[in-house]
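Participant: Once you've had a glance at the structure underneath, I'll fire off some questions.
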Amino acid sequence: MKKQEIIDALGLKPHLEGGYFRRSYQSAGEIQTPNGPRHRLTSIYYLLTDDAPVGHLHRNRSNILHYFHAGAPLRYTLIQPDGRLEQRIMGTEVSAGQTPQLIVEGGCWKASELIDGEFALISEAVSPGFDYADMELARAEAIRQRFPDLWEQIRHLIKA
């Protein structure tokens, strides 16, 4: 399987965070949140490739459950609301410490990187459902001020 075959077969488009995506599901019902009505659940396909290897640092208000499907491992860099930095590897080699499933709580900063290889394909399930009004893409100066001790480790994850 090649990256272009996946992009074509799944109808993926470039994502503003980096990589490629397509919304694959949204629930019919909505719930009321402090930020307005949201679908109960949404889901996307998300693909990082060797020519778009970074999902840039951002945070969402909703919890996001990530499911690894195929390809090379991904490194997730997470910055918890208390400023703690964590790194997790998504992939199929569970005996090597990789995880095929990863939860990122709302309010946590996250970025993903293709470690090696041509692509990594995952899905994300978001509840309450994803809305662009609930996502914040990291701005370099704000992140440098908020996390000065982490800056050198994370600066490459911030979209220019």
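Residue numbering restarts at 1 for every chain of the structure tokens, chains are lettered A, B, ... in their displayed order, and ligands are numbered from 1 as they appear.
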Give me the range 53-145 of chain A side of the contact with range 33-48 of chain A, cut-off 8 Å, one line per residue showing its nearest atom pair and distance in Å at one decimal, counting only C-alpha atoms, sorted by chain and residue number, as a Markdown table.
Facilitator:
```
| residue | atom | partner | partner_atom | distance |
| --- | --- | --- | --- | --- |
| A:Pro53 | CA | A:Leu48 | CA | 5.2 |
| A:Val54 | CA | A:Leu48 | CA | 6.7 |
| A:Gly55 | CA | A:Leu48 | CA | 7.3 |
| A:Glu113 | CA | A:Leu48 | CA | 7.6 |
| A:Leu114 | CA | A:Leu48 | CA | 6.4 |
| A:Phe119 | CA | A:Leu48 | CA | 5.5 |
| A:Ala120 | CA | A:Leu48 | CA | 5.4 |
| A:Leu121 | CA | A:Leu47 | CA | 4.6 |
| A:Ile122 | CA | A:Tyr46 | CA | 5.3 |
| A:Ser123 | CA | A:Tyr45 | CA | 4.5 |
| A:Glu124 | CA | A:Ile44 | CA | 5.4 |
| A:Ala125 | CA | A:Ser43 | CA | 4.4 |
| A:Val126 | CA | A:Thr42 | CA | 5.3 |
| A:Ser127 | CA | A:Leu41 | CA | 4.8 |
| A:Pro128 | CA | A:Arg40 | CA | 5.0 |
| A:Gly129 | CA | A:Leu41 | CA | 4.3 |
| A:Phe130 | CA | A:Thr42 | CA | 6.1 |
| A:Asp131 | CA | A:Arg38 | CA | 7.3 |
| A:Asp134 | CA | A:Asn35 | CA | 8.0 |
```
Participant: Please return as a list in words: the residues of range 15-144 of chain A that backbone DSSP assigns to helix (DSSP H, G or I).
Facilitator: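 Selection result, helix (DSSP H, G or I) within range 15-144 of chain A: Val94, Ser95, Ala96, Tyr132, Ala133, Asp134, Ala140, Glu141, Ala142, Ile143 and Arg144 of chain A.
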Participant: For Leu57 in chain A, which residue out of A:Glu93, A:Lys3, A:Leu16, A:Ser112 is the nearest one, using only C-alpha atoms?
Facilitator: A:Ser112
Participant: Would you please work out which residue, of A:Lys110, A:Arg139, A:His69, A:Arg22, is nearest to Ala9 in chain A when using only C-alpha atoms?
Facilitator: A:Arg22
Participant: Report, in Å with one decimal, the straight-line distance from CA of Val94 in chain A to CA of Gly71 in chain A.
Facilitator: 14.4 Å
Participant: Record the distance separating CA of Asp149 in chain A and CA of Pro81 in chain A, expressed in Å with one decimal.
Facilitator: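 Atom-to-atom, CA of Asp149 in chain A and CA of Pro81 in chain A are spaced 14.6 Å apart.
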Participant: Residues of chain A in strand (DSSP E or B) according to DSSP, as an mmCIF file with N, CA and C atoms, in the first residue's frame?
Facilitator:
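Resulting contents of states09.cif:
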```cif
data_model
loop_
_atom_site.group_PDB
_atom_site.id
_atom_site.type_symbol
_atom_site.label_atom_id
_atom_site.label_comp_id
_atom_site.auth_asym_id
_atom_site.auth_seq_id
_atom_site.Cartn_x
_atom_site.Cartn_y
_atom_site.Cartn_z
ATOM 1 N N LYS A 13 -7.968 14.935 2.134
ATOM 2 C CA LYS A 13 -7.585 16.287 1.719
ATOM 3 C C LYS A 13 -6.547 16.823 2.696
ATOM 4 N N PRO A 14 -5.733 17.816 2.284
ATOM 5 C CA PRO A 14 -4.762 18.406 3.213
ATOM 6 C C PRO A 14 -5.454 18.996 4.442
ATOM 7 N N TYR A 20 -3.107 14.710 6.088
ATOM 8 C CA TYR A 20 -4.319 14.614 5.283
ATOM 9 C C TYR A 20 -5.437 14.038 6.138
ATOM 10 N N PHE A 21 -6.692 14.392 5.807
ATOM 11 C CA PHE A 21 -7.811 13.890 6.599
ATOM 12 C C PHE A 21 -9.098 13.861 5.783
ATOM 13 N N ARG A 22 -10.081 13.201 6.363
ATOM 14 C CA ARG A 22 -11.470 13.268 5.897
ATOM 15 C C ARG A 22 -12.359 12.876 7.053
ATOM 16 N N ARG A 23 -13.395 13.662 7.265
ATOM 17 C CA ARG A 23 -14.384 13.283 8.277
ATOM 18 C C ARG A 23 -15.127 12.068 7.752
ATOM 19 N N SER A 24 -15.168 11.026 8.552
ATOM 20 C CA SER A 24 -15.807 9.780 8.136
ATOM 21 C C SER A 24 -17.146 9.547 8.822
ATOM 22 N N TYR A 25 -17.413 10.295 9.904
ATOM 23 C CA TYR A 25 -18.660 10.090 10.640
ATOM 24 C C TYR A 25 -18.975 11.315 11.470
ATOM 25 N N GLN A 26 -20.256 11.631 11.560
ATOM 26 C CA GLN A 26 -20.742 12.563 12.577
ATOM 27 C C GLN A 26 -22.123 12.093 12.988
ATOM 28 N N GLU A 30 -27.209 16.028 18.534
ATOM 29 C CA GLU A 30 -26.290 17.004 19.101
ATOM 30 C C GLU A 30 -26.499 17.098 20.602
ATOM 31 N N ILE A 31 -25.479 17.601 21.266
ATOM 32 C CA ILE A 31 -25.573 17.900 22.691
ATOM 33 C C ILE A 31 -25.192 19.363 22.881
ATOM 34 N N GLN A 32 -25.660 19.930 23.973
ATOM 35 C CA GLN A 32 -25.328 21.312 24.288
ATOM 36 C C GLN A 32 -24.040 21.325 25.097
ATOM 37 N N THR A 33 -23.079 22.145 24.705
ATOM 38 C CA THR A 33 -21.832 22.313 25.450
ATOM 39 C C THR A 33 -21.735 23.783 25.867
ATOM 40 N N GLY A 36 -21.661 25.915 22.810
ATOM 41 C CA GLY A 36 -22.703 25.766 21.810
ATOM 42 C C GLY A 36 -22.980 24.313 21.493
ATOM 43 N N PRO A 37 -23.931 24.058 20.596
ATOM 44 C CA PRO A 37 -24.271 22.675 20.254
ATOM 45 C C PRO A 37 -23.145 22.008 19.462
ATOM 46 N N ARG A 38 -22.919 20.732 19.769
ATOM 47 C CA ARG A 38 -21.918 19.927 19.062
ATOM 48 C C ARG A 38 -22.526 18.554 18.785
ATOM 49 N N HIS A 39 -22.076 17.929 17.703
ATOM 50 C CA HIS A 39 -22.458 16.538 17.479
ATOM 51 C C HIS A 39 -21.971 15.723 18.672
ATOM 52 N N THR A 42 -17.804 12.687 16.476
ATOM 53 C CA THR A 42 -17.321 12.759 15.099
ATOM 54 C C THR A 42 -16.096 11.866 14.993
ATOM 55 N N SER A 43 -15.776 11.482 13.763
ATOM 56 C CA SER A 43 -14.594 10.658 13.537
ATOM 57 C C SER A 43 -13.956 11.065 12.215
ATOM 58 N N ILE A 44 -12.621 10.968 12.166
ATOM 59 C CA ILE A 44 -11.890 11.252 10.936
ATOM 60 C C ILE A 44 -10.858 10.166 10.674
ATOM 61 N N TYR A 45 -10.481 10.054 9.407
ATOM 62 C CA TYR A 45 -9.241 9.393 9.021
ATOM 63 C C TYR A 45 -8.181 10.479 9.040
ATOM 64 N N TYR A 46 -6.962 10.138 9.466
ATOM 65 C CA TYR A 46 -5.858 11.100 9.485
ATOM 66 C C TYR A 46 -4.599 10.377 9.031
ATOM 67 N N LEU A 47 -3.889 10.987 8.094
ATOM 68 C CA LEU A 47 -2.713 10.371 7.488
ATOM 69 C C LEU A 47 -1.542 11.341 7.538
ATOM 70 N N LEU A 48 -0.423 10.892 8.094
ATOM 71 C CA LEU A 48 0.834 11.617 7.971
ATOM 72 C C LEU A 48 1.688 10.872 6.963
ATOM 73 N N THR A 49 2.433 11.629 6.160
ATOM 74 C CA THR A 49 3.257 11.036 5.108
ATOM 75 C C THR A 49 4.676 11.582 5.189
ATOM 76 N N ALA A 52 4.585 15.118 4.393
ATOM 77 C CA ALA A 52 3.795 15.901 5.353
ATOM 78 C C ALA A 52 3.852 15.134 6.680
ATOM 79 N N VAL A 54 4.380 15.925 9.934
ATOM 80 C CA VAL A 54 4.079 16.481 11.255
ATOM 81 C C VAL A 54 2.631 16.944 11.327
ATOM 82 N N GLY A 55 1.951 16.515 12.384
ATOM 83 C CA GLY A 55 0.670 17.087 12.781
ATOM 84 C C GLY A 55 1.017 18.136 13.825
ATOM 85 N N HIS A 56 0.974 19.410 13.456
ATOM 86 C CA HIS A 56 1.509 20.482 14.287
ATOM 87 C C HIS A 56 0.772 20.639 15.617
ATOM 88 N N LEU A 57 1.481 21.227 16.560
ATOM 89 C CA LEU A 57 0.995 21.382 17.927
ATOM 90 C C LEU A 57 -0.313 22.171 17.962
ATOM 91 N N HIS A 58 -1.290 21.602 18.650
ATOM 92 C CA HIS A 58 -2.605 22.216 18.797
ATOM 93 C C HIS A 58 -3.301 21.588 19.992
ATOM 94 N N ARG A 59 -4.417 22.172 20.380
ATOM 95 C CA ARG A 59 -5.236 21.558 21.422
ATOM 96 C C ARG A 59 -6.702 21.702 21.063
ATOM 97 N N ASN A 60 -7.474 20.784 21.611
ATOM 98 C CA ASN A 60 -8.913 20.743 21.396
ATOM 99 C C ASN A 60 -9.614 20.769 22.746
ATOM 100 N N ASN A 63 -12.300 15.491 24.223
ATOM 101 C CA ASN A 63 -11.434 14.316 24.310
ATOM 102 C C ASN A 63 -11.346 13.679 22.926
ATOM 103 N N ILE A 64 -10.152 13.181 22.604
ATOM 104 C CA ILE A 64 -9.945 12.540 21.302
ATOM 105 C C ILE A 64 -9.299 11.180 21.516
ATOM 106 N N LEU A 65 -9.932 10.155 20.969
ATOM 107 C CA LEU A 65 -9.407 8.799 21.015
ATOM 108 C C LEU A 65 -8.824 8.481 19.646
ATOM 109 N N HIS A 66 -7.535 8.121 19.618
ATOM 110 C CA HIS A 66 -6.794 7.841 18.388
ATOM 111 C C HIS A 66 -6.650 6.330 18.221
ATOM 112 N N TYR A 67 -6.848 5.836 17.000
ATOM 113 C CA TYR A 67 -6.717 4.419 16.677
ATOM 114 C C TYR A 67 -5.710 4.264 15.541
ATOM 115 N N PHE A 68 -4.672 3.485 15.759
ATOM 116 C CA PHE A 68 -3.656 3.248 14.737
ATOM 117 C C PHE A 68 -4.140 2.148 13.799
ATOM 118 N N HIS A 69 -3.988 2.375 12.483
ATOM 119 C CA HIS A 69 -4.422 1.387 11.498
ATOM 120 C C HIS A 69 -3.279 0.748 10.719
ATOM 121 N N ALA A 70 -2.382 1.569 10.175
ATOM 122 C CA ALA A 70 -1.379 1.013 9.259
ATOM 123 C C ALA A 70 -0.201 1.963 9.110
ATOM 124 N N GLY A 71 0.924 1.377 8.691
ATOM 125 C CA GLY A 71 2.095 2.175 8.360
ATOM 126 C C GLY A 71 3.134 2.205 9.458
ATOM 127 N N LEU A 74 4.062 6.462 14.920
ATOM 128 C CA LEU A 74 3.934 7.904 15.122
ATOM 129 C C LEU A 74 4.376 8.252 16.536
ATOM 130 N N ARG A 75 5.096 9.349 16.676
ATOM 131 C CA ARG A 75 5.433 9.869 18.005
ATOM 132 C C ARG A 75 4.451 10.990 18.335
ATOM 133 N N TYR A 76 3.764 10.843 19.456
ATOM 134 C CA TYR A 76 2.891 11.900 19.952
ATOM 135 C C TYR A 76 3.606 12.629 21.069
ATOM 136 N N THR A 77 3.673 13.938 20.955
ATOM 137 C CA THR A 77 4.193 14.789 22.013
ATOM 138 C C THR A 77 2.989 15.479 22.632
ATOM 139 N N LEU A 78 2.825 15.282 23.932
ATOM 140 C CA LEU A 78 1.684 15.826 24.660
ATOM 141 C C LEU A 78 2.193 16.768 25.741
ATOM 142 N N ILE A 79 1.561 17.916 25.862
ATOM 143 C CA ILE A 79 1.848 18.828 26.965
ATOM 144 C C ILE A 79 0.562 18.952 27.764
ATOM 145 N N LEU A 85 5.448 17.333 30.035
ATOM 146 C CA LEU A 85 5.642 16.827 28.677
ATOM 147 C C LEU A 85 5.658 15.306 28.711
ATOM 148 N N GLU A 86 4.896 14.691 27.804
ATOM 149 C CA GLU A 86 4.878 13.234 27.667
ATOM 150 C C GLU A 86 5.046 12.902 26.192
ATOM 151 N N GLN A 87 5.693 11.784 25.929
ATOM 152 C CA GLN A 87 5.768 11.288 24.560
ATOM 153 C C GLN A 87 5.294 9.847 24.539
ATOM 154 N N ARG A 88 4.462 9.533 23.555
ATOM 155 C CA ARG A 88 3.925 8.192 23.367
ATOM 156 C C ARG A 88 4.123 7.813 21.911
ATOM 157 N N ILE A 89 4.344 6.530 21.674
ATOM 158 C CA ILE A 89 4.505 6.023 20.311
ATOM 159 C C ILE A 89 3.286 5.187 19.956
ATOM 160 N N MET A 90 2.607 5.577 18.879
ATOM 161 C CA MET A 90 1.495 4.784 18.362
ATOM 162 C C MET A 90 2.023 3.860 17.284
ATOM 163 N N THR A 99 1.611 1.751 21.312
ATOM 164 C CA THR A 99 0.202 1.581 21.633
ATOM 165 C C THR A 99 -0.645 1.748 20.373
ATOM 166 N N GLN A 101 -3.774 2.450 20.496
ATOM 167 C CA GLN A 101 -4.876 3.334 20.872
ATOM 168 C C GLN A 101 -4.337 4.364 21.855
ATOM 169 N N LEU A 102 -4.751 5.620 21.706
ATOM 170 C CA LEU A 102 -4.249 6.694 22.559
ATOM 171 C C LEU A 102 -5.366 7.685 22.822
ATOM 172 N N ILE A 103 -5.597 8.002 24.096
ATOM 173 C CA ILE A 103 -6.570 9.028 24.453
ATOM 174 C C ILE A 103 -5.822 10.318 24.764
ATOM 175 N N VAL A 104 -6.318 11.417 24.218
ATOM 176 C CA VAL A 104 -5.799 12.745 24.544
ATOM 177 C C VAL A 104 -6.978 13.543 25.092
ATOM 178 N N TRP A 109 -2.217 19.936 24.933
ATOM 179 C CA TRP A 109 -1.556 20.234 23.660
ATOM 180 C C TRP A 109 -1.016 18.931 23.078
ATOM 181 N N LYS A 110 -1.141 18.753 21.771
ATOM 182 C CA LYS A 110 -0.621 17.536 21.147
ATOM 183 C C LYS A 110 -0.043 17.836 19.777
ATOM 184 N N ALA A 111 0.955 17.042 19.420
ATOM 185 C CA ALA A 111 1.531 17.057 18.077
ATOM 186 C C ALA A 111 1.915 15.627 17.748
ATOM 187 N N SER A 112 1.916 15.297 16.474
ATOM 188 C CA SER A 112 2.298 13.951 16.047
ATOM 189 C C SER A 112 3.356 14.055 14.956
ATOM 190 N N GLU A 113 4.243 13.047 14.932
ATOM 191 C CA GLU A 113 5.325 13.014 13.940
ATOM 192 C C GLU A 113 5.480 11.600 13.412
ATOM 193 N N LEU A 114 5.604 11.486 12.115
ATOM 194 C CA LEU A 114 5.950 10.217 11.493
ATOM 195 C C LEU A 114 7.404 9.926 11.838
ATOM 196 N N PHE A 119 4.273 6.441 5.479
ATOM 197 C CA PHE A 119 3.005 6.963 5.979
ATOM 198 C C PHE A 119 2.632 6.298 7.300
ATOM 199 N N ALA A 120 1.666 6.919 7.981
ATOM 200 C CA ALA A 120 0.966 6.316 9.117
ATOM 201 C C ALA A 120 -0.491 6.734 8.999
ATOM 202 N N LEU A 121 -1.385 5.764 9.104
ATOM 203 C CA LEU A 121 -2.820 6.006 9.008
ATOM 204 C C LEU A 121 -3.458 5.725 10.352
ATOM 205 N N ILE A 122 -4.206 6.707 10.856
ATOM 206 C CA ILE A 122 -4.953 6.537 12.096
ATOM 207 C C ILE A 122 -6.383 7.019 11.877
ATOM 208 N N SER A 123 -7.213 6.784 12.879
ATOM 209 C CA SER A 123 -8.528 7.413 12.971
ATOM 210 C C SER A 123 -8.600 8.117 14.308
ATOM 211 N N GLU A 124 -9.445 9.130 14.367
ATOM 212 C CA GLU A 124 -9.708 9.828 15.618
ATOM 213 C C GLU A 124 -11.209 9.869 15.841
ATOM 214 N N ALA A 125 -11.629 9.572 17.065
ATOM 215 C CA ALA A 125 -13.015 9.721 17.482
ATOM 216 C C ALA A 125 -13.047 10.846 18.509
ATOM 217 N N VAL A 126 -13.917 11.834 18.297
ATOM 218 C CA VAL A 126 -13.937 13.045 19.110
ATOM 219 C C VAL A 126 -15.313 13.195 19.749
ATOM 220 N N SER A 127 -15.322 13.398 21.084
ATOM 221 C CA SER A 127 -16.580 13.583 21.798
ATOM 222 C C SER A 127 -16.394 14.602 22.912
ATOM 223 N N MET A 135 -10.793 24.225 18.511
ATOM 224 C CA MET A 135 -9.394 23.872 18.283
ATOM 225 C C MET A 135 -8.533 25.128 18.266
ATOM 226 N N GLU A 136 -7.360 25.031 18.884
ATOM 227 C CA GLU A 136 -6.404 26.136 18.878
ATOM 228 C C GLU A 136 -5.075 25.623 18.348
ATOM 229 N N LEU A 137 -4.624 26.188 17.245
ATOM 230 C CA LEU A 137 -3.310 25.872 16.688
ATOM 231 C C LEU A 137 -2.278 26.702 17.445
#
```
Participant: As an exercise, work out the distance from CA of Gln98 in chain A to CA of Ile6 in chain A in Å and give it to one decimal place.
Facilitator: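 CA of Gln98 in chain A sits 22.7 Å away from CA of Ile6 in chain A.
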